$ cat my_file00.cif   # mmCIF, N, CA and C atoms
data_final
#
loop_
_atom_site.label_atom_id
_atom_site.label_comp_id
_atom_site.auth_asym_id
_atom_site.auth_seq_id
_atom_site.Cartn_x
_atom_site.Cartn_y
_atom_site.Cartn_z
N MET Z 1 9.85 -8.75 13.95
CA MET Z 1 8.84 -9.69 13.51
C MET Z 1 9.55 -10.88 12.86
N THR Z 2 9.25 -12.09 13.31
CA THR Z 2 9.92 -13.26 12.76
C THR Z 2 9.26 -13.70 11.47
N ARG Z 3 9.96 -14.52 10.72
CA ARG Z 3 9.43 -15.02 9.46
C ARG Z 3 8.14 -15.81 9.71
N THR Z 4 8.06 -16.55 10.82
CA THR Z 4 6.85 -17.30 11.15
C THR Z 4 5.67 -16.37 11.32
N GLU Z 5 5.87 -15.25 12.00
CA GLU Z 5 4.79 -14.29 12.20
C GLU Z 5 4.37 -13.64 10.89
N THR Z 6 5.31 -13.35 10.01
CA THR Z 6 4.98 -12.65 8.78
C THR Z 6 4.25 -13.54 7.78
N THR Z 7 4.49 -14.86 7.82
CA THR Z 7 3.83 -15.72 6.85
C THR Z 7 2.32 -15.75 7.05
N GLU Z 8 1.87 -15.35 8.20
CA GLU Z 8 0.44 -15.29 8.45
C GLU Z 8 -0.18 -14.02 7.86
N LYS Z 9 0.63 -13.06 7.51
CA LYS Z 9 0.14 -11.78 6.99
C LYS Z 9 0.09 -11.81 5.47
N SER Z 10 -0.95 -11.20 4.92
CA SER Z 10 -1.08 -11.15 3.47
C SER Z 10 -1.15 -9.70 3.00
N ILE Z 11 -0.55 -9.46 1.84
CA ILE Z 11 -0.50 -8.12 1.27
C ILE Z 11 -1.00 -8.19 -0.17
N LEU Z 12 -1.92 -7.30 -0.49
CA LEU Z 12 -2.40 -7.16 -1.86
C LEU Z 12 -1.75 -5.91 -2.44
N VAL Z 13 -1.02 -6.07 -3.52
CA VAL Z 13 -0.37 -4.96 -4.22
C VAL Z 13 -1.25 -4.59 -5.40
N ILE Z 14 -1.67 -3.33 -5.45
CA ILE Z 14 -2.45 -2.84 -6.59
C ILE Z 14 -1.59 -1.77 -7.25
N GLU Z 15 -0.89 -2.17 -8.30
CA GLU Z 15 0.13 -1.34 -8.96
C GLU Z 15 0.16 -1.70 -10.43
N ASP Z 16 0.04 -0.69 -11.30
CA ASP Z 16 0.02 -0.95 -12.74
C ASP Z 16 1.40 -0.95 -13.39
N GLU Z 17 2.39 -0.39 -12.74
CA GLU Z 17 3.75 -0.34 -13.30
C GLU Z 17 4.49 -1.63 -12.97
N ASP Z 18 4.82 -2.41 -14.01
CA ASP Z 18 5.44 -3.72 -13.80
C ASP Z 18 6.76 -3.65 -13.03
N ASN Z 19 7.61 -2.67 -13.36
CA ASN Z 19 8.91 -2.60 -12.69
C ASN Z 19 8.76 -2.35 -11.19
N ILE Z 20 7.81 -1.55 -10.80
CA ILE Z 20 7.57 -1.29 -9.38
C ILE Z 20 6.95 -2.51 -8.73
N ALA Z 21 6.00 -3.15 -9.42
CA ALA Z 21 5.35 -4.34 -8.88
C ALA Z 21 6.35 -5.47 -8.65
N ILE Z 22 7.31 -5.62 -9.56
CA ILE Z 22 8.34 -6.65 -9.41
C ILE Z 22 9.19 -6.38 -8.18
N ALA Z 23 9.59 -5.12 -8.00
CA ALA Z 23 10.38 -4.77 -6.82
C ALA Z 23 9.59 -5.02 -5.53
N LEU Z 24 8.31 -4.65 -5.54
CA LEU Z 24 7.46 -4.86 -4.37
C LEU Z 24 7.29 -6.36 -4.09
N ASP Z 25 7.08 -7.14 -5.14
CA ASP Z 25 6.92 -8.58 -4.98
C ASP Z 25 8.16 -9.19 -4.36
N PHE Z 26 9.32 -8.76 -4.83
CA PHE Z 26 10.58 -9.27 -4.29
C PHE Z 26 10.70 -8.93 -2.81
N LEU Z 27 10.47 -7.68 -2.47
CA LEU Z 27 10.60 -7.25 -1.08
C LEU Z 27 9.60 -7.97 -0.18
N ILE Z 28 8.35 -8.01 -0.60
CA ILE Z 28 7.31 -8.63 0.22
C ILE Z 28 7.59 -10.13 0.40
N GLY Z 29 7.99 -10.77 -0.68
CA GLY Z 29 8.31 -12.20 -0.59
C GLY Z 29 9.50 -12.46 0.30
N ARG Z 30 10.52 -11.63 0.18
CA ARG Z 30 11.72 -11.78 1.00
C ARG Z 30 11.41 -11.61 2.49
N GLU Z 31 10.43 -10.76 2.79
CA GLU Z 31 10.04 -10.53 4.18
C GLU Z 31 9.13 -11.64 4.71
N GLY Z 32 8.68 -12.52 3.83
CA GLY Z 32 7.90 -13.67 4.26
C GLY Z 32 6.39 -13.48 4.23
N TYR Z 33 5.92 -12.39 3.66
CA TYR Z 33 4.48 -12.16 3.58
C TYR Z 33 3.89 -12.91 2.38
N ARG Z 34 2.63 -13.33 2.52
CA ARG Z 34 1.90 -13.84 1.36
C ARG Z 34 1.51 -12.63 0.54
N ARG Z 35 1.51 -12.77 -0.79
CA ARG Z 35 1.23 -11.59 -1.61
C ARG Z 35 0.47 -11.96 -2.87
N GLU Z 36 -0.21 -10.93 -3.36
CA GLU Z 36 -0.96 -11.04 -4.61
C GLU Z 36 -0.92 -9.67 -5.25
N ARG Z 37 -1.10 -9.63 -6.58
CA ARG Z 37 -1.05 -8.35 -7.29
C ARG Z 37 -2.21 -8.19 -8.25
N LEU Z 38 -2.72 -6.97 -8.30
CA LEU Z 38 -3.65 -6.54 -9.33
C LEU Z 38 -2.96 -5.41 -10.08
N SER Z 39 -3.17 -5.32 -11.40
CA SER Z 39 -2.51 -4.27 -12.17
C SER Z 39 -3.48 -3.18 -12.63
N THR Z 40 -4.70 -3.23 -12.14
CA THR Z 40 -5.69 -2.22 -12.48
C THR Z 40 -6.61 -1.99 -11.28
N GLY Z 41 -7.27 -0.86 -11.28
CA GLY Z 41 -8.20 -0.58 -10.20
C GLY Z 41 -9.53 -1.30 -10.35
N ALA Z 42 -9.82 -1.75 -11.57
CA ALA Z 42 -11.08 -2.45 -11.82
C ALA Z 42 -11.11 -3.76 -11.03
N GLY Z 43 -12.16 -3.96 -10.27
CA GLY Z 43 -12.31 -5.19 -9.49
C GLY Z 43 -11.51 -5.23 -8.21
N ALA Z 44 -10.82 -4.15 -7.88
CA ALA Z 44 -9.95 -4.15 -6.70
C ALA Z 44 -10.74 -4.31 -5.40
N VAL Z 45 -11.84 -3.59 -5.26
CA VAL Z 45 -12.61 -3.69 -4.03
C VAL Z 45 -13.19 -5.09 -3.88
N ALA Z 46 -13.65 -5.68 -4.97
CA ALA Z 46 -14.17 -7.05 -4.92
C ALA Z 46 -13.07 -8.02 -4.50
N ARG Z 47 -11.85 -7.82 -5.01
CA ARG Z 47 -10.75 -8.72 -4.64
C ARG Z 47 -10.36 -8.52 -3.18
N ILE Z 48 -10.38 -7.29 -2.71
CA ILE Z 48 -10.09 -7.02 -1.30
C ILE Z 48 -11.14 -7.73 -0.44
N ARG Z 49 -12.39 -7.66 -0.86
CA ARG Z 49 -13.48 -8.31 -0.12
C ARG Z 49 -13.26 -9.83 -0.06
N GLU Z 50 -12.83 -10.43 -1.17
CA GLU Z 50 -12.58 -11.89 -1.23
C GLU Z 50 -11.35 -12.29 -0.43
N MET Z 51 -10.27 -11.56 -0.62
CA MET Z 51 -8.98 -11.91 -0.05
C MET Z 51 -8.83 -11.53 1.43
N ARG Z 52 -9.42 -10.40 1.81
CA ARG Z 52 -9.28 -9.85 3.17
C ARG Z 52 -7.80 -9.76 3.57
N PRO Z 53 -7.01 -9.03 2.77
CA PRO Z 53 -5.58 -8.91 3.10
C PRO Z 53 -5.37 -8.10 4.38
N ASP Z 54 -4.23 -8.28 4.99
CA ASP Z 54 -3.88 -7.49 6.17
C ASP Z 54 -3.48 -6.08 5.76
N LEU Z 55 -2.93 -5.95 4.55
CA LEU Z 55 -2.46 -4.66 4.06
C LEU Z 55 -2.66 -4.59 2.55
N VAL Z 56 -3.04 -3.41 2.07
CA VAL Z 56 -3.12 -3.14 0.64
C VAL Z 56 -2.09 -2.06 0.33
N LEU Z 57 -1.16 -2.38 -0.58
CA LEU Z 57 -0.25 -1.37 -1.11
C LEU Z 57 -0.93 -0.85 -2.37
N LEU Z 58 -1.38 0.39 -2.32
CA LEU Z 58 -2.30 0.92 -3.32
C LEU Z 58 -1.72 2.11 -4.06
N ASP Z 59 -1.51 1.94 -5.36
CA ASP Z 59 -1.06 3.04 -6.21
C ASP Z 59 -2.21 4.04 -6.35
N VAL Z 60 -1.90 5.31 -6.40
CA VAL Z 60 -2.93 6.33 -6.56
C VAL Z 60 -3.46 6.35 -7.99
N MET Z 61 -2.56 6.36 -8.95
CA MET Z 61 -2.96 6.49 -10.36
C MET Z 61 -3.00 5.12 -11.02
N LEU Z 62 -4.21 4.59 -11.17
CA LEU Z 62 -4.42 3.27 -11.75
C LEU Z 62 -5.36 3.36 -12.94
N PRO Z 63 -5.26 2.43 -13.86
CA PRO Z 63 -6.24 2.39 -14.95
C PRO Z 63 -7.63 2.08 -14.40
N GLU Z 64 -8.63 2.70 -14.96
CA GLU Z 64 -10.05 2.44 -14.72
C GLU Z 64 -10.60 3.02 -13.42
N VAL Z 65 -10.01 2.70 -12.28
CA VAL Z 65 -10.50 3.22 -10.99
C VAL Z 65 -9.28 3.70 -10.21
N SER Z 66 -9.33 4.92 -9.70
CA SER Z 66 -8.16 5.48 -9.00
C SER Z 66 -7.99 4.85 -7.62
N GLY Z 67 -6.77 4.93 -7.13
CA GLY Z 67 -6.50 4.46 -5.78
C GLY Z 67 -7.31 5.21 -4.74
N TYR Z 68 -7.55 6.49 -4.97
CA TYR Z 68 -8.37 7.27 -4.03
C TYR Z 68 -9.78 6.69 -3.94
N GLU Z 69 -10.35 6.34 -5.10
CA GLU Z 69 -11.71 5.78 -5.11
C GLU Z 69 -11.74 4.43 -4.39
N ILE Z 70 -10.72 3.61 -4.62
CA ILE Z 70 -10.64 2.30 -3.97
C ILE Z 70 -10.54 2.48 -2.46
N CYS Z 71 -9.66 3.37 -2.03
CA CYS Z 71 -9.49 3.63 -0.60
C CYS Z 71 -10.81 4.06 0.03
N GLN Z 72 -11.49 4.98 -0.62
CA GLN Z 72 -12.75 5.49 -0.10
C GLN Z 72 -13.80 4.38 -0.01
N GLN Z 73 -13.89 3.54 -1.03
CA GLN Z 73 -14.86 2.45 -1.02
C GLN Z 73 -14.57 1.44 0.08
N VAL Z 74 -13.29 1.14 0.29
CA VAL Z 74 -12.91 0.20 1.35
C VAL Z 74 -13.29 0.78 2.71
N ARG Z 75 -13.01 2.05 2.92
CA ARG Z 75 -13.31 2.68 4.20
C ARG Z 75 -14.81 2.81 4.47
N MET Z 76 -15.61 2.88 3.41
CA MET Z 76 -17.05 3.01 3.58
C MET Z 76 -17.72 1.66 3.87
N ASP Z 77 -17.00 0.56 3.66
CA ASP Z 77 -17.54 -0.78 3.91
C ASP Z 77 -17.13 -1.24 5.31
N PRO Z 78 -18.08 -1.35 6.23
CA PRO Z 78 -17.74 -1.72 7.62
C PRO Z 78 -16.98 -3.05 7.72
N GLU Z 79 -17.21 -3.96 6.80
CA GLU Z 79 -16.53 -5.26 6.84
C GLU Z 79 -15.07 -5.17 6.39
N LEU Z 80 -14.71 -4.09 5.70
CA LEU Z 80 -13.34 -3.93 5.19
C LEU Z 80 -12.58 -2.82 5.89
N ALA Z 81 -13.25 -2.05 6.69
CA ALA Z 81 -12.68 -0.84 7.28
C ALA Z 81 -11.41 -1.09 8.10
N HIS Z 82 -11.22 -2.30 8.60
CA HIS Z 82 -10.04 -2.62 9.42
C HIS Z 82 -8.78 -2.87 8.59
N ILE Z 83 -8.94 -3.07 7.29
CA ILE Z 83 -7.80 -3.39 6.43
C ILE Z 83 -6.91 -2.17 6.29
N ARG Z 84 -5.62 -2.36 6.51
CA ARG Z 84 -4.66 -1.26 6.42
C ARG Z 84 -4.37 -0.94 4.95
N ILE Z 85 -4.22 0.35 4.66
CA ILE Z 85 -3.94 0.80 3.29
C ILE Z 85 -2.73 1.73 3.31
N LEU Z 86 -1.74 1.38 2.51
CA LEU Z 86 -0.57 2.24 2.30
C LEU Z 86 -0.62 2.70 0.85
N MET Z 87 -0.86 3.99 0.65
CA MET Z 87 -0.95 4.54 -0.70
C MET Z 87 0.43 4.93 -1.21
N MET Z 88 0.61 4.76 -2.52
CA MET Z 88 1.88 5.08 -3.16
C MET Z 88 1.61 5.96 -4.38
N THR Z 89 2.45 6.98 -4.56
CA THR Z 89 2.31 7.81 -5.75
C THR Z 89 3.63 8.44 -6.16
N ALA Z 90 3.74 8.69 -7.45
CA ALA Z 90 4.91 9.41 -7.97
C ALA Z 90 4.71 10.91 -7.78
N ARG Z 91 3.46 11.32 -7.57
CA ARG Z 91 3.17 12.73 -7.35
C ARG Z 91 3.03 12.96 -5.85
N GLY Z 92 4.15 13.06 -5.17
CA GLY Z 92 4.16 13.09 -3.71
C GLY Z 92 3.95 14.45 -3.09
N SER Z 93 3.08 15.25 -3.65
CA SER Z 93 2.84 16.57 -3.08
C SER Z 93 2.10 16.47 -1.75
N ALA Z 94 2.20 17.52 -0.96
CA ALA Z 94 1.51 17.56 0.32
C ALA Z 94 0.00 17.43 0.13
N MET Z 95 -0.52 18.00 -0.94
CA MET Z 95 -1.96 17.93 -1.19
C MET Z 95 -2.38 16.48 -1.49
N GLU Z 96 -1.58 15.76 -2.28
CA GLU Z 96 -1.87 14.36 -2.58
C GLU Z 96 -1.89 13.54 -1.28
N ARG Z 97 -0.90 13.78 -0.44
CA ARG Z 97 -0.78 13.06 0.83
C ARG Z 97 -2.00 13.35 1.72
N ARG Z 98 -2.36 14.63 1.84
CA ARG Z 98 -3.52 15.00 2.67
C ARG Z 98 -4.79 14.34 2.16
N LYS Z 99 -4.95 14.33 0.84
CA LYS Z 99 -6.14 13.72 0.25
C LYS Z 99 -6.21 12.23 0.59
N GLY Z 100 -5.11 11.52 0.41
CA GLY Z 100 -5.07 10.09 0.71
C GLY Z 100 -5.38 9.80 2.16
N LEU Z 101 -4.76 10.55 3.05
CA LEU Z 101 -4.99 10.34 4.48
C LEU Z 101 -6.41 10.73 4.87
N ALA Z 102 -6.95 11.78 4.25
CA ALA Z 102 -8.33 12.20 4.54
C ALA Z 102 -9.33 11.14 4.09
N LEU Z 103 -9.01 10.40 3.04
CA LEU Z 103 -9.90 9.35 2.56
C LEU Z 103 -9.75 8.05 3.35
N GLY Z 104 -8.81 8.05 4.28
CA GLY Z 104 -8.70 6.90 5.17
C GLY Z 104 -7.47 6.05 5.02
N ALA Z 105 -6.51 6.45 4.20
CA ALA Z 105 -5.27 5.68 4.09
C ALA Z 105 -4.54 5.71 5.42
N ASP Z 106 -3.87 4.61 5.74
CA ASP Z 106 -3.11 4.52 6.98
C ASP Z 106 -1.70 5.06 6.83
N GLY Z 107 -1.26 5.21 5.60
CA GLY Z 107 0.07 5.73 5.32
C GLY Z 107 0.15 6.15 3.87
N PHE Z 108 1.19 6.90 3.55
CA PHE Z 108 1.34 7.43 2.20
C PHE Z 108 2.83 7.50 1.92
N ILE Z 109 3.25 6.93 0.81
CA ILE Z 109 4.67 6.91 0.48
C ILE Z 109 4.86 7.39 -0.95
N SER Z 110 5.87 8.19 -1.17
CA SER Z 110 6.15 8.74 -2.50
C SER Z 110 7.10 7.84 -3.26
N LYS Z 111 6.83 7.67 -4.56
CA LYS Z 111 7.72 6.91 -5.44
C LYS Z 111 8.58 7.91 -6.20
N PRO Z 112 9.82 7.59 -6.48
CA PRO Z 112 10.48 6.35 -6.07
C PRO Z 112 10.79 6.38 -4.57
N PHE Z 113 10.68 5.23 -3.94
CA PHE Z 113 10.89 5.16 -2.50
C PHE Z 113 12.10 4.30 -2.17
N GLU Z 114 12.60 4.54 -1.00
CA GLU Z 114 13.70 3.75 -0.47
C GLU Z 114 13.11 2.44 0.05
N LEU Z 115 13.69 1.31 -0.33
CA LEU Z 115 13.15 0.02 0.10
C LEU Z 115 13.14 -0.11 1.62
N LYS Z 116 14.13 0.46 2.27
CA LYS Z 116 14.18 0.44 3.73
C LYS Z 116 12.98 1.19 4.31
N GLU Z 117 12.64 2.29 3.70
CA GLU Z 117 11.50 3.10 4.12
C GLU Z 117 10.20 2.32 3.94
N LEU Z 118 10.05 1.66 2.79
CA LEU Z 118 8.85 0.87 2.53
C LEU Z 118 8.75 -0.27 3.54
N ARG Z 119 9.85 -0.96 3.77
CA ARG Z 119 9.87 -2.06 4.73
C ARG Z 119 9.42 -1.58 6.11
N ALA Z 120 9.90 -0.41 6.52
CA ALA Z 120 9.53 0.14 7.83
C ALA Z 120 8.04 0.47 7.89
N GLU Z 121 7.50 1.04 6.83
CA GLU Z 121 6.07 1.38 6.79
C GLU Z 121 5.21 0.12 6.83
N VAL Z 122 5.59 -0.89 6.06
CA VAL Z 122 4.84 -2.16 6.05
C VAL Z 122 4.86 -2.77 7.44
N LYS Z 123 6.02 -2.80 8.05
CA LYS Z 123 6.13 -3.38 9.39
C LYS Z 123 5.29 -2.59 10.39
N ARG Z 124 5.33 -1.26 10.29
CA ARG Z 124 4.54 -0.41 11.19
C ARG Z 124 3.06 -0.70 11.05
N LEU Z 125 2.60 -0.83 9.82
CA LEU Z 125 1.17 -1.04 9.59
C LEU Z 125 0.71 -2.45 9.94
N LEU Z 126 1.62 -3.41 9.91
CA LEU Z 126 1.24 -4.78 10.21
C LEU Z 126 1.52 -5.18 11.66
N THR Z 127 2.08 -4.28 12.44
CA THR Z 127 2.30 -4.56 13.84
C THR Z 127 0.98 -4.35 14.57
N PRO Z 128 0.50 -5.38 15.27
CA PRO Z 128 -0.84 -5.32 15.87
C PRO Z 128 -1.11 -4.11 16.75
N ASP Z 129 -0.13 -3.64 17.48
CA ASP Z 129 -0.39 -2.53 18.40
C ASP Z 129 0.04 -1.18 17.85
N SER Z 130 0.31 -1.12 16.52
CA SER Z 130 0.71 0.18 15.96
C SER Z 130 -0.49 1.11 15.94
N GLU Z 131 -0.22 2.37 16.23
CA GLU Z 131 -1.29 3.36 16.23
C GLU Z 131 -1.52 3.82 14.81
N GLU Z 132 -2.81 3.90 14.42
CA GLU Z 132 -3.14 4.25 13.05
C GLU Z 132 -2.55 5.59 12.62
N GLY Z 133 -2.56 6.56 13.47
CA GLY Z 133 -2.12 7.89 13.06
C GLY Z 133 -0.65 8.16 13.29
N ALA Z 134 0.05 7.23 13.91
CA ALA Z 134 1.44 7.48 14.29
C ALA Z 134 2.32 7.65 13.07
N GLU Z 135 2.66 8.89 12.78
CA GLU Z 135 3.54 9.22 11.67
C GLU Z 135 3.11 8.54 10.38
N ALA Z 136 1.84 8.58 10.07
CA ALA Z 136 1.32 7.94 8.87
C ALA Z 136 2.06 8.44 7.64
N GLY Z 137 2.55 7.50 6.88
CA GLY Z 137 3.24 7.85 5.64
C GLY Z 137 4.43 8.72 5.85
N ALA Z 138 5.25 8.40 6.82
CA ALA Z 138 6.36 9.26 7.21
C ALA Z 138 7.39 9.46 6.12
N GLY Z 139 7.40 8.62 5.10
CA GLY Z 139 8.50 8.66 4.15
C GLY Z 139 8.44 9.72 3.09
N GLN Z 140 9.36 10.63 3.13
CA GLN Z 140 9.59 11.59 2.07
C GLN Z 140 11.09 11.70 1.93
N GLY Z 141 11.55 11.96 0.76
CA GLY Z 141 12.97 12.27 0.66
C GLY Z 141 13.77 11.27 -0.14
N ASP Z 142 14.35 10.26 0.52
CA ASP Z 142 15.27 9.34 -0.13
C ASP Z 142 14.62 8.65 -1.31
N THR Z 143 15.44 8.32 -2.30
CA THR Z 143 14.92 7.65 -3.48
C THR Z 143 15.38 6.22 -3.50
N ALA Z 144 14.76 5.44 -4.38
CA ALA Z 144 15.07 4.02 -4.46
C ALA Z 144 15.05 3.55 -5.90
N PRO Z 145 15.42 2.29 -6.10
CA PRO Z 145 15.47 1.76 -7.45
C PRO Z 145 14.10 1.40 -8.01
N THR Z 146 13.07 2.11 -7.60
CA THR Z 146 11.72 1.81 -8.07
C THR Z 146 11.20 2.97 -8.90
N SER Z 147 12.03 3.50 -9.77
CA SER Z 147 11.62 4.63 -10.57
C SER Z 147 10.87 4.18 -11.81
N GLY Z 148 10.29 5.13 -12.46
CA GLY Z 148 9.55 4.84 -13.68
C GLY Z 148 8.07 4.95 -13.41
N GLY Z 149 7.32 5.27 -14.41
CA GLY Z 149 5.88 5.35 -14.26
C GLY Z 149 5.45 6.68 -13.71
N THR Z 150 4.14 6.88 -13.74
CA THR Z 150 3.60 8.15 -13.30
C THR Z 150 2.70 7.98 -12.10
N GLY Z 151 2.45 6.79 -11.65
CA GLY Z 151 1.46 6.61 -10.62
C GLY Z 151 2.01 6.22 -9.39
#
$ encode --input "my_file00.cif" --output "structure tokens"
Amino acid sequence: MTRTETTEKSILVIEDEDNIAIALDFLIGREGYRRERLSTGAGAVARIREMRPDLVLLDVMLPEVSGYEICQQVRMDPELAHIRILMMTARGSAMERRKGLALGADGFISKPFELKELRAEVKRLLTPDSEEGAEAGAGQGDTAPTSGGTG
């Protein structure tokens, strides 16, 4: 994907941990995507409705409204259902992953994550012909410099 193609794509990051949000902002900006951040779950669905991002990077554990609730609300709205959602959590258990995917997330990544892994997931989800179920949230294992926080 060229930088020209990526500048047309927008990503909304919903993450309450500043250190993780800074790393995500750096990566997303470096890849050429337009980006915005919310640090709480409150108002997230309204902002998604206004912004209509191509992808939402959504933390599971957020103040006020959980990432699971946000994901479910987005999927229940026919006007937002096409928006891709990549959920992120520090509690990367199989049950957490199944819950996120069952609620309609397109992918699930455990924190701390490898930046290369995140980049690959973002690219997969923003590629027009990518299949929704194809190895959704494939990343488990390697760690990255995005540690800290519980969500």
$ residues_near_point --input "my_file00.cif" --point "(-12.2, 1.7, -1.0)" --cutoff "10 Å" --atoms "only C-alpha atoms" --output "VMD selection string"
chain Z and resid 44 to 46 48 66 to 77 80 to 81 85 103 to 105
$ residues_near_point --input "my_file00.cif" --point "(0.6, 4.5, 5.0)" --cutoff "6 Å" --atoms "only N, CA and C atoms" --output "PDB file with N, CA and C atoms, keeping the file's coordinate frame"
ATOM      1  N   ILE Z  85      -4.220   0.350   4.660  1.00  0.00           N
ATOM      2  CA  ILE Z  85      -3.940   0.800   3.290  1.00  0.00           C
ATOM      3  C   ILE Z  85      -2.730   1.730   3.310  1.00  0.00           C
ATOM      4  N   LEU Z  86      -1.740   1.380   2.510  1.00  0.00           N
ATOM      5  CA  LEU Z  86      -0.570   2.240   2.300  1.00  0.00           C
ATOM      6  C   LEU Z  86      -0.620   2.700   0.850  1.00  0.00           C
ATOM      7  N   MET Z  87      -0.860   3.990   0.650  1.00  0.00           N
ATOM      8  CA  MET Z  87      -0.950   4.540  -0.700  1.00  0.00           C
ATOM      9  C   MET Z  87       0.430   4.930  -1.210  1.00  0.00           C
ATOM     10  N   ALA Z 105      -6.510   6.450   4.200  1.00  0.00           N
ATOM     11  CA  ALA Z 105      -5.270   5.680   4.090  1.00  0.00           C
ATOM     12  C   ALA Z 105      -4.540   5.710   5.420  1.00  0.00           C
ATOM     13  N   ASP Z 106      -3.870   4.610   5.740  1.00  0.00           N
ATOM     14  CA  ASP Z 106      -3.110   4.520   6.980  1.00  0.00           C
ATOM     15  C   ASP Z 106      -1.700   5.060   6.830  1.00  0.00           C
ATOM     16  N   GLY Z 107      -1.260   5.210   5.600  1.00  0.00           N
ATOM     17  CA  GLY Z 107       0.070   5.730   5.320  1.00  0.00           C
ATOM     18  C   GLY Z 107       0.150   6.150   3.870  1.00  0.00           C
ATOM     19  N   PHE Z 108       1.190   6.900   3.550  1.00  0.00           N
ATOM     20  CA  PHE Z 108       1.340   7.430   2.200  1.00  0.00           C
ATOM     21  C   PHE Z 108       2.830   7.500   1.920  1.00  0.00           C
ATOM     22  N   ILE Z 109       3.250   6.930   0.810  1.00  0.00           N
ATOM     23  CA  ILE Z 109       4.670   6.910   0.480  1.00  0.00           C
ATOM     24  C   ILE Z 109       4.860   7.390  -0.950  1.00  0.00           C
ATOM     25  N   ALA Z 136       1.840   8.580  10.070  1.00  0.00           N
ATOM     26  CA  ALA Z 136       1.320   7.940   8.870  1.00  0.00           C
ATOM     27  C   ALA Z 136       2.060   8.440   7.640  1.00  0.00           C
ATOM     28  N   GLY Z 137       2.550   7.500   6.880  1.00  0.00           N
ATOM     29  CA  GLY Z 137       3.240   7.850   5.640  1.00  0.00           C
ATOM     30  C   GLY Z 137       4.430   8.720   5.850  1.00  0.00           C
TER      31      GLY Z 137
END
$ atom_distance --input "my_file00.cif" --atom1 "atom CA of Val13 of chain Z" --atom2 "atom CA of Thr89 of chain Z"
13.1 Å
$ atom_distance --input "my_file00.cif" --atom1 "atom CA of Leu62 of chain Z" --atom2 "atom N of Ala90 of chain Z"
10.7 Å
$ select_by_dssp --input "my_file00.cif" --residues "segment 58-114 of chain Z" --states "helix (DSSP H, G or I)" --output "list in words"
Gly67, Tyr68, Glu69, Ile70, Cys71, Gln72, Gln73, Val74, Arg75, Met76, Ala94, Met95, Glu96, Arg97, Arg98, Lys99, Gly100, Leu101 and Ala102 of chain Z
$ write_last_selection --input "my_file00.cif" --atoms "N, CA and C atoms" --output "compact mmCIF listing (two decimals), in the coordinates of the input"
# COMPACT_ATOMS: atom_id res chain seq x y z
N GLY Z 67 -6.77 4.93 -7.13
CA GLY Z 67 -6.50 4.46 -5.78
C GLY Z 67 -7.31 5.21 -4.74
N TYR Z 68 -7.55 6.49 -4.97
CA TYR Z 68 -8.37 7.27 -4.03
C TYR Z 68 -9.78 6.69 -3.94
N GLU Z 69 -10.35 6.34 -5.10
CA GLU Z 69 -11.71 5.78 -5.11
C GLU Z 69 -11.74 4.43 -4.39
N ILE Z 70 -10.72 3.61 -4.62
CA ILE Z 70 -10.64 2.30 -3.97
C ILE Z 70 -10.54 2.48 -2.46
N CYS Z 71 -9.66 3.37 -2.03
CA CYS Z 71 -9.49 3.63 -0.60
C CYS Z 71 -10.81 4.06 0.03
N GLN Z 72 -11.49 4.98 -0.62
CA GLN Z 72 -12.75 5.49 -0.10
C GLN Z 72 -13.80 4.38 -0.01
N GLN Z 73 -13.89 3.54 -1.03
CA GLN Z 73 -14.86 2.45 -1.02
C GLN Z 73 -14.57 1.44 0.08
N VAL Z 74 -13.29 1.14 0.29
CA VAL Z 74 -12.91 0.20 1.35
C VAL Z 74 -13.29 0.78 2.71
N ARG Z 75 -13.01 2.05 2.92
CA ARG Z 75 -13.31 2.68 4.20
C ARG Z 75 -14.81 2.81 4.47
N MET Z 76 -15.61 2.88 3.41
CA MET Z 76 -17.05 3.01 3.58
C MET Z 76 -17.72 1.66 3.87
N ALA Z 94 2.20 17.52 -0.96
CA ALA Z 94 1.51 17.56 0.32
C ALA Z 94 0.00 17.43 0.13
N MET Z 95 -0.52 18.00 -0.94
CA MET Z 95 -1.96 17.93 -1.19
C MET Z 95 -2.38 16.48 -1.49
N GLU Z 96 -1.58 15.76 -2.28
CA GLU Z 96 -1.87 14.36 -2.58
C GLU Z 96 -1.89 13.54 -1.28
N ARG Z 97 -0.90 13.78 -0.44
CA ARG Z 97 -0.78 13.06 0.83
C ARG Z 97 -2.00 13.35 1.72
N ARG Z 98 -2.36 14.63 1.84
CA ARG Z 98 -3.52 15.00 2.67
C ARG Z 98 -4.79 14.34 2.16
N LYS Z 99 -4.95 14.33 0.84
CA LYS Z 99 -6.14 13.72 0.25
C LYS Z 99 -6.21 12.23 0.59
N GLY Z 100 -5.11 11.52 0.41
CA GLY Z 100 -5.07 10.09 0.71
C GLY Z 100 -5.38 9.80 2.16
N LEU Z 101 -4.76 10.55 3.05
CA LEU Z 101 -4.99 10.34 4.48
C LEU Z 101 -6.41 10.73 4.87
N ALA Z 102 -6.95 11.78 4.25
CA ALA Z 102 -8.33 12.20 4.54
C ALA Z 102 -9.33 11.14 4.09
$ atom_distance --input "my_file00.cif" --atom1 "atom N of Pro128 of chain Z" --atom2 "atom C of Ile83 of chain Z"
12.1 Å
$ closest_residue --input "my_file00.cif" --among "Z:Ala94, Z:Ala21, Z:Ile14, Z:Leu27" --to "Leu58 of chain Z" --atoms "all atoms listed in the file"
Z:Ile14
$ select_by_dssp --input "my_file00.cif" --residues "segment 10-149 of chain Z" --states "strand (DSSP E or B)" --output "PyMOL selection string"
chain Z and resi 10-14+34-38+55-59+84-89+107-110
$ resolve_selection --input "my_file00.cif" --expression "the PyMOL selection byres (((chain Z and resi 10 and name CA) around 10) and name CA)" --output "MDAnalysis selection string"
chainID Z and resid 6:9 11:13 28 32:36 51:56 126
$ closest_residue --input "my_file00.cif" --among "Z:Lys116, Z:Arg30, Z:Glu15, Z:Met95" --to "Leu57 of chain Z" --atoms "all atoms listed in the file"
Z:Glu15
